[in-house]
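A short write-up of the structure that comes next.
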Amino acid sequence: MLDLTLCLDPGGPRPLYQQLYDSLAAQIRDGRLRTGDRLPGKRSLAAQLAVAVNTVDTAYQMLVAEGYLEARPKSGFFVLEYTDALPQPSSAAPPVRDAENEEDEAAPPVRFDLSTGAVDTALFPFRTWGRIQKELLYAGGELLCHGHRQGDGELRRELAEYLRAYRGVVCSPEQIVVGAGVEYLLGLLAQLLRGGTAAIENPGYDRSRTILVNSGVPCRCVDIDGSGLSPAGLEESGANLCYVTPSHHFPTAVTMPVGRRAQLLRWAAAWPGRYILEDDYDAEFRFDMRPVPSLQGMAGPDGPVVYLCTFSKSLAPSIRIACMVLPLGLLERYRAAFGGYASTVSRFEQQTLRRFLEEGYFTRHLARMRGAYKARMERLVRELEASFGRDRLRLQGRHTGLHLLLTLLDGPGEAVMVSAALAAGVRLRGLSGYYMARPERCPANTVVLGYASLADGEIPALAEALRTAWT
């Protein structure tokens, strides 16, 4: 294994993947990395540098595309011969691989997947959803034609009523835009707000930052505290946009109290052109009380808040339905810029969801899911505490969402915990992977456990596997 000398600056002006690419490319050009050298595996280098695996994968793929490296299936990444002329990429394209789910070739099979994007597919309402779709399919050909560009009006009316009743959102159906996932809608919104700068939560969801940056909106990482995003850090960032998850911060599970929400709204109201982008992440899965009302509801229909939510967790990730509620001041700008764009969601899916909401199936389905996930979380907590002892563990996030933060108080270090768990067949991520800046602030020995896709019968074996791996 090569002993690489790399120094990344999480607070620097260039993204971490670009810094890693620049450093490796320079070492290839000056001969410190020689032809045929095999680079470290993506997971091991990510753990060494305390960055996300996607950061290393992106840098490696850029080096492959520019002819610095060769990707050999099941072998890894190797340095190609470098000359003063620009190296030419191989004529054969490297195989496309899913970096998020990719396993190290030498790792054992994954028995327990604790990633946070999974859901329990057994809870999907197959019979009801399928019956509604079948009825719609045989009802006539009208749904084969184009619908409203912001989404079918009947669906938007049902969404407005549901969001009002259960999330405290104050809006008309005309303010709602239906799209194929929050990523798509956030990309449109970023183009609409291009020219601004966004403050984002640190730690946080790196994919949102990627979407904003790719759409021309630079980002500034603002640290969170026990109440969520810091107002002082927000002011210091110089941003005019603020991307937050106030109802359930990912990944720390902090719920922003009403006083902090009022501070954010005062920040937004202080200058024209400031907006808060509220991602209502996992808010429907609150186990200890009724879900906290939205920030948008505090601001009102023409307040400086854009509300985003998705049905990927409450239904399924592959049903690409999300919605965005635009303040009236942005709605006309949106229609001027994107009013000609066709809706990206099938009308059959839209109308199925409309009836699912209208006929009361969705609220009953959510109640069933909350009960199942709460029972699973509680059993996981019991088994972990029984395996490790309560005095060795700190578990956070029991009140909301579908993941827990586990801190092993006498642990060997996060990187060792992640690699030892993988060797035992448990895929999970360390908390530091979600720090986009100042990773030294990350609590030690802390990992993220997504439990949504676990079978109930697997939980005792999972707890024992982790105990064995970390002892």
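Every chain in the structure tokens has a letter given in the order shown (A, B, ...), and although residue numbers restart at 1 in each chain, ligands are simply numbered from 1 in the order shown.
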
Q: Write out as a count of residues only the residues lying within 12 Å of Trp271 (chain A), counting only C-alpha atoms and excluding same-chain residues fewer than 6 positions away.
A: 7

Q | Thr55 (chain A) environment, 12 Å, only C-alpha atoms, sequence neighbours closer than 4 positions dropped, as an MDAnalysis selection string | A | chainID A and resid 8 10 15:21 42:43 45:47 49:51 59:62 99:100 206:207 210 433:436

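Contact shell of Ala122 (chain A) at 12 Å (only C-alpha atoms; same-chain neighbours under 6 positions omitted): Leu315, Ala316, Arg368, Met369, Ala372, Tyr373, Ala452, Ser453, Leu454, Ala455 and Asp456 of chain A.
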
Given the selection you just returned, output its residues as a file containing N, CA and C atoms, formatted as an mmCIF file, in the first residue's frame.
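Dumped to result-v2.cif:
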```
data_model
loop_
_atom_site.group_PDB
_atom_site.id
_atom_site.type_symbol
_atom_site.label_atom_id
_atom_site.label_comp_id
_atom_site.auth_asym_id
_atom_site.auth_seq_id
_atom_site.Cartn_x
_atom_site.Cartn_y
_atom_site.Cartn_z
ATOM 1 N N LEU A 315 -43.385 6.618 1.284
ATOM 2 C CA LEU A 315 -43.876 5.621 0.320
ATOM 3 C C LEU A 315 -42.711 4.748 -0.142
ATOM 4 N N ALA A 316 -41.907 5.249 -1.076
ATOM 5 C CA ALA A 316 -40.746 4.494 -1.549
ATOM 6 C C ALA A 316 -39.851 5.437 -2.341
ATOM 7 N N ARG A 368 -49.316 3.329 10.513
ATOM 8 C CA ARG A 368 -48.773 1.967 10.547
ATOM 9 C C ARG A 368 -47.252 1.984 10.504
ATOM 10 N N MET A 369 -46.680 2.837 9.625
ATOM 11 C CA MET A 369 -45.230 2.915 9.509
ATOM 12 C C MET A 369 -44.604 3.438 10.796
ATOM 13 N N ALA A 372 -44.483 0.645 13.333
ATOM 14 C CA ALA A 372 -43.490 -0.385 13.011
ATOM 15 C C ALA A 372 -42.074 0.132 13.242
ATOM 16 N N TYR A 373 -41.789 1.354 12.794
ATOM 17 C CA TYR A 373 -40.436 1.890 12.938
ATOM 18 C C TYR A 373 -40.106 2.209 14.398
ATOM 19 N N ALA A 452 -34.108 1.502 9.104
ATOM 20 C CA ALA A 452 -35.393 1.327 8.441
ATOM 21 C C ALA A 452 -35.515 -0.017 7.737
ATOM 22 N N SER A 453 -34.457 -0.497 7.093
ATOM 23 C CA SER A 453 -34.559 -1.707 6.289
ATOM 24 C C SER A 453 -34.216 -2.978 7.066
ATOM 25 N N LEU A 454 -33.919 -2.848 8.362
ATOM 26 C CA LEU A 454 -33.610 -4.035 9.159
ATOM 27 C C LEU A 454 -34.854 -4.888 9.360
ATOM 28 N N ALA A 455 -34.720 -6.187 9.222
ATOM 29 C CA ALA A 455 -35.781 -7.094 9.644
ATOM 30 C C ALA A 455 -35.717 -7.216 11.159
ATOM 31 N N ASP A 456 -36.884 -7.274 11.800
ATOM 32 C CA ASP A 456 -36.906 -7.308 13.263
ATOM 33 C C ASP A 456 -36.093 -8.470 13.816
#
```

Q: Quick one: everything within 12 Å of Ala269 (chain A), counting only C-alpha atoms, minus sequence neighbours fewer than 3 positions away in the same chain. Send it as an MDAnalysis selection string.
A: chainID A and resid 240:241 262:266 272:276 299 302:305

Q) Which residues, written as an MDAnalysis selection string, have at least one atom at most 9 Å from region 380-388 of chain A, with only C-alpha atoms counted and residues fewer than 2 positions away on the same chain left out? A) chainID A and resid 375:378 390:393 395 398 408 451 456 459:460 462:464 466:467

Can I get the selected residues back with C-alpha atoms, as a PDB file, in the first residue's frame?
```pdb
ATOM      1  CA  ALA A 375     -40.997  -0.663  17.699  1.00  0.00           C
ATOM      2  CA  ARG A 376     -37.919  -1.460  15.599  1.00  0.00           C
ATOM      3  CA  MET A 377     -35.979   1.485  16.999  1.00  0.00           C
ATOM      4  CA  GLU A 378     -36.875   0.568  20.572  1.00  0.00           C
ATOM      5  CA  ARG A 390     -25.762   1.446  29.032  1.00  0.00           C
ATOM      6  CA  ASP A 391     -22.682   3.046  30.561  1.00  0.00           C
ATOM      7  CA  ARG A 392     -20.653   2.475  27.356  1.00  0.00           C
ATOM      8  CA  LEU A 393     -23.164   3.907  24.882  1.00  0.00           C
ATOM      9  CA  LEU A 395     -27.712   6.894  21.597  1.00  0.00           C
ATOM     10  CA  ARG A 398     -34.832   8.287  19.320  1.00  0.00           C
ATOM     11  CA  LEU A 408     -19.148   4.249  21.935  1.00  0.00           C
ATOM     12  CA  TYR A 451     -32.477   0.996  10.891  1.00  0.00           C
ATOM     13  CA  ASP A 456     -36.906  -7.308  13.263  1.00  0.00           C
ATOM     14  CA  ILE A 459     -31.562  -6.992  15.363  1.00  0.00           C
ATOM     15  CA  PRO A 460     -30.096  -9.318  18.051  1.00  0.00           C
ATOM     16  CA  LEU A 462     -26.660  -7.166  14.457  1.00  0.00           C
ATOM     17  CA  ALA A 463     -26.060  -6.018  18.051  1.00  0.00           C
ATOM     18  CA  GLU A 464     -23.873  -9.061  18.682  1.00  0.00           C
ATOM     19  CA  LEU A 466     -21.171  -4.890  16.495  1.00  0.00           C
ATOM     20  CA  ARG A 467     -20.207  -5.912  20.018  1.00  0.00           C
TER      21      ARG A 467
END
```

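Remark: for Leu308 (chain A), the closest of the candidate residues A:Thr400, A:Gly233, A:Pro412, A:Tyr184 is A:Tyr184 (distances computed over only C-alpha atoms).
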